[in-house]
>>> print(open('structure30.txt').read())   # compact mmCIF, C-alpha atoms
# COMPACT_ATOMS: atom_id res chain seq x y z
CA MET Q 1 126.74 -58.82 -111.59
CA GLU Q 2 125.55 -62.02 -110.01
CA ILE Q 3 123.44 -65.06 -110.68
CA SER Q 4 120.60 -64.50 -108.25
CA GLY Q 5 118.47 -67.52 -109.15
CA ILE Q 6 118.65 -70.86 -110.92
CA GLY Q 7 115.83 -73.28 -111.65
CA SER Q 8 115.31 -76.47 -113.60
CA HIS Q 9 112.56 -78.90 -114.38
CA HIS Q 10 112.17 -81.92 -116.61
CA ALA Q 11 109.11 -84.02 -117.32
CA PRO Q 12 109.47 -87.72 -116.54
CA SER Q 13 109.38 -88.65 -120.24
CA HIS Q 14 111.09 -87.32 -123.36
CA LEU Q 15 108.10 -88.29 -125.48
CA LEU Q 16 105.65 -85.49 -126.21
CA MET Q 17 102.76 -87.90 -126.68
CA SER Q 18 103.16 -89.07 -123.09
CA ARG Q 19 102.15 -85.63 -121.86
CA ASP Q 20 98.75 -85.26 -120.27
CA ILE Q 21 98.60 -81.59 -121.28
CA SER Q 22 98.28 -79.61 -124.47
CA VAL Q 23 101.34 -79.19 -126.69
CA THR Q 24 100.68 -75.45 -126.43
CA GLU Q 25 101.85 -75.53 -122.82
CA LEU Q 26 105.44 -75.55 -121.60
CA PRO Q 27 105.17 -76.52 -117.93
CA ALA Q 28 108.92 -77.16 -117.65
CA VAL Q 29 109.60 -73.52 -118.53
CA ARG Q 30 107.03 -72.36 -115.99
CA ALA Q 31 108.41 -74.60 -113.21
CA ALA Q 32 112.06 -73.70 -113.87
CA ALA Q 33 111.24 -69.98 -114.03
CA GLN Q 34 109.22 -70.11 -110.82
CA GLN Q 35 112.05 -71.88 -109.02
CA ALA Q 36 114.66 -69.38 -110.26
CA SER Q 37 112.54 -66.30 -109.56
CA GLY Q 38 111.75 -67.61 -106.07
CA GLU Q 39 115.46 -67.99 -105.37
CA ALA Q 40 116.02 -64.45 -106.68
CA GLU Q 41 113.09 -63.22 -104.55
CA LEU Q 42 111.35 -61.72 -107.58
CA GLU Q 43 107.95 -62.33 -109.15
CA LEU Q 44 107.92 -63.61 -112.73
CA ASP Q 45 106.64 -60.26 -114.01
CA GLU Q 46 109.33 -58.20 -112.25
CA PHE Q 47 112.17 -58.73 -114.70
CA ASP Q 48 113.44 -55.92 -116.87
CA VAL Q 49 114.43 -58.22 -119.74
CA TYR Q 50 113.71 -61.81 -120.76
CA GLU Q 51 116.13 -63.77 -122.98
CA PRO Q 52 114.36 -67.12 -123.36
CA TYR Q 53 114.97 -70.07 -125.59
CA ALA Q 54 112.35 -69.20 -128.21
CA PRO Q 55 113.42 -70.61 -131.58
CA PHE Q 56 109.99 -70.08 -133.16
CA PRO Q 57 107.48 -67.22 -132.85
CA HIS Q 58 104.84 -69.43 -131.26
CA ILE Q 59 107.28 -70.42 -128.48
CA GLU Q 60 107.73 -66.75 -127.55
CA ALA Q 61 103.95 -66.40 -127.35
CA ILE Q 62 103.62 -69.55 -125.22
CA ILE Q 63 106.43 -68.41 -122.90
CA THR Q 64 104.60 -65.14 -122.21
CA GLU Q 65 101.70 -67.24 -120.99
CA GLU Q 66 103.83 -69.68 -118.99
CA LEU Q 67 105.51 -66.78 -117.17
CA GLY Q 68 102.15 -65.20 -116.41
CA LEU Q 69 102.96 -62.12 -118.50
CA ALA Q 70 99.90 -62.78 -120.65
CA GLU Q 71 96.69 -64.63 -119.86
CA GLU Q 72 96.30 -68.16 -121.20
CA GLY Q 73 95.55 -67.96 -124.92
CA GLN Q 74 96.64 -64.30 -125.11
CA GLY Q 75 100.38 -64.69 -125.75
CA VAL Q 76 100.08 -64.08 -129.48
CA GLN Q 77 97.99 -60.97 -128.88
CA ALA Q 78 100.55 -59.66 -126.35
CA CYS Q 79 103.27 -60.07 -128.98
CA LEU Q 80 101.16 -58.43 -131.70
CA GLU Q 81 100.36 -55.49 -129.42
CA GLY Q 82 104.08 -54.86 -128.83
CA GLU Q 83 104.16 -55.90 -125.18
CA THR Q 84 107.21 -58.09 -125.89
CA ALA Q 85 109.03 -55.44 -127.97
CA PRO Q 86 112.14 -53.72 -126.56
CA ASP Q 87 109.99 -50.73 -125.57
CA GLY Q 88 107.11 -52.93 -124.44
CA LYS Q 89 105.81 -53.88 -121.03
CA PHE Q 90 108.06 -56.98 -120.81
CA PRO Q 91 110.90 -56.99 -123.37
CA ILE Q 92 111.51 -60.48 -124.72
CA SER Q 93 114.69 -61.15 -126.70
CA PRO Q 94 115.74 -57.56 -127.42
CA SER Q 95 118.97 -59.13 -128.70
CA GLY Q 96 117.01 -60.77 -131.51
CA GLY Q 97 117.16 -64.08 -129.67
CA CYS Q 98 117.12 -67.41 -131.45
CA LEU Q 99 115.04 -65.96 -134.28
CA GLY Q 100 117.57 -63.22 -134.99
CA ARG Q 101 120.82 -65.15 -134.58
CA GLY Q 102 119.86 -68.81 -134.85
CA HIS Q 103 120.18 -71.35 -132.07
CA PRO Q 104 123.39 -73.34 -132.44
CA PRO Q 105 123.45 -76.65 -130.57
CA LEU Q 106 124.95 -76.62 -127.10
CA VAL Q 107 125.85 -72.91 -126.99
CA THR Q 108 122.46 -71.19 -127.22
CA PRO Q 109 122.08 -70.97 -123.42
CA LEU Q 110 125.54 -69.43 -123.18
CA ILE Q 111 124.66 -66.84 -125.82
CA ASN Q 112 121.53 -65.96 -123.82
CA HIS Q 113 123.72 -65.58 -120.73
CA VAL Q 114 126.08 -63.27 -122.62
CA GLU Q 115 123.12 -61.15 -123.73
CA ALA Q 116 121.89 -60.94 -120.12
CA VAL Q 117 125.30 -59.72 -118.94
CA ARG Q 118 125.45 -57.18 -121.78
CA GLN Q 119 122.07 -55.80 -120.68
CA LEU Q 120 123.26 -55.44 -117.09
CA ARG Q 121 126.49 -53.79 -118.17
CA GLY Q 122 124.58 -51.35 -120.38
CA ILE Q 123 126.31 -52.45 -123.58
CA ALA Q 124 123.61 -54.52 -125.31
CA SER Q 125 122.94 -53.91 -129.00
CA THR Q 126 119.33 -53.08 -128.08
CA GLN Q 127 119.73 -51.78 -124.57
CA ILE Q 128 116.84 -51.72 -122.11
CA LEU Q 129 117.41 -48.69 -119.91
CA ASN Q 130 118.23 -49.34 -116.26
CA ALA Q 131 118.02 -53.12 -116.64
CA GLN Q 132 118.76 -54.72 -113.26
CA ASN Q 133 117.27 -58.22 -113.56
CA VAL Q 134 117.31 -60.48 -116.61
CA MET Q 135 115.77 -63.95 -116.91
CA THR Q 136 117.17 -66.46 -119.38
CA THR Q 137 115.79 -69.89 -120.20
CA ALA Q 138 117.12 -72.90 -122.05
CA GLU Q 139 115.36 -76.06 -123.14
CA HIS Q 140 116.41 -79.65 -123.32
CA GLY Q 141 114.58 -82.71 -124.43
CA HIS Q 142 111.58 -81.89 -126.60
CA VAL Q 143 110.76 -78.60 -124.89
CA ASN Q 144 109.69 -80.70 -121.91
CA GLY Q 145 112.80 -79.85 -119.92
CA ALA Q 146 114.05 -76.39 -119.11
CA THR Q 147 116.44 -74.37 -117.03
CA ALA Q 148 116.10 -70.74 -115.99
CA THR Q 149 118.86 -68.43 -114.82
CA ILE Q 150 118.42 -65.00 -113.27
CA PHE Q 151 121.18 -62.43 -113.70
CA SER Q 152 121.06 -59.32 -111.51
CA THR Q 153 123.14 -56.27 -110.82
CA GLU Q 154 124.78 -56.45 -107.42
CA ALA Q 155 122.78 -54.83 -104.66
>>> encode(input="structure30.txt", output="structure tokens")
Amino acid sequence: MEISGIGSHHAPSHLLMSRDISVTELPAVRAAAQQASGEAELELDEFDVYEPYAPFPHIEAIITEELGLAEEGQGVQACLEGETAPDGKFPISPSGGCLGRGHPPLVTPLINHVEAVRQLRGIASTQILNAQNVMTTAEHGHVNGATATIFSTEA
């Protein structure tokens, strides 16, 4: 196993009201994920599993849009249609993620990393068959800062 990509991004302000964009957008997640996937030499839609920081259902839907897995405004529909389910087109949080386990301060990113490694080792509680690349994300600030880490099986 290896970390094949790391990305981070933070808006210049911690205040949501200073944003010039809609609160239904998470550009820090998009920028961090693009940076990490570029380093890993993968497109955002080429991951076998996604373990993002998604403490609320609407964040999962927004993340699908930010990663380009669903068209803008279609993230909720993608979730409802099962595209984010473990057997879906792009499995998001097959571990249960923040919604299933909670999101304890300071350790949530580490738990996402553990889940990524479990997927790659083939020992996850909800295993995605033949998983070779897993993207994790973590947020800081008021969801206006994010990091992304790509875990991959060794080539």
>>> residues_around(input="structure30.txt", residues="Q:Ala11", least_positions_apart="4", cutoff="9 Å", atoms="only C-alpha atoms", output="ChimeraX atom specification")
/Q:19,27-28,144-145
>>> closest_atom_pairs(input="structure30.txt", of="stretch 23-51 of chain Q", to="stretch 57-66 of chain Q", cutoff="9 Å", atoms="only C-alpha atoms", output="CSV")
residue,atom,partner,partner_atom,distance
Q:Thr24,CA,Q:Ile62,CA,6.7
Q:Glu25,CA,Q:Ile62,CA,6.7
Q:Leu26,CA,Q:Glu66,CA,6.6
Q:Pro27,CA,Q:Glu66,CA,7.1
Q:Val29,CA,Q:Glu66,CA,6.9
Q:Arg30,CA,Q:Glu66,CA,5.1
Q:Ala31,CA,Q:Glu66,CA,8.9
Q:Ala33,CA,Q:Glu66,CA,8.9
>>> closest_residue(input="structure30.txt", among="Q:Gln35, Q:Gly88, Q:His140, Q:Gly102", to="Q:Ser4", atoms="only C-alpha atoms")
Q:Gln35
>>> residues_around(input="structure30.txt", residues="Q:Val49", least_positions_apart="5", cutoff="9 Å", atoms="all atoms listed in the file", output="PyMOL selection string")
chain Q and resi 86+90-94+116+119+128+131-136
>>> closest_residue(input="structure30.txt", among="Q:Gly7, Q:Gly97, Q:Pro105, Q:Pro12", to="Q:Ala54", atoms="all atoms listed in the file")
Q:Gly97
>>> atom_distance(input="structure30.txt", atom1="atom CA of Q:Arg101", atom2="atom CA of Q:Cys79")
19.1 Å
>>> closest_residue(input="structure30.txt", among="Q:Asn130, Q:Thr84, Q:Thr137, Q:Thr108", to="Q:Leu69", atoms="all atoms listed in the file")
Q:Thr84
>>> atom_distance(input="structure30.txt", atom1="atom CA of Q:Val23", atom2="atom CA of Q:Ala148")
20.1 Å
>>> atom_distance(input="structure30.txt", atom1="atom CA of Q:Thr149", atom2="atom CA of Q:Ile3")
7.0 Å
>>> closest_residue(input="structure30.txt", among="Q:Leu80, Q:Ala70, Q:Ala85, Q:Cys98", to="Q:Asn112", atoms="all atoms listed in the file")
Q:Cys98
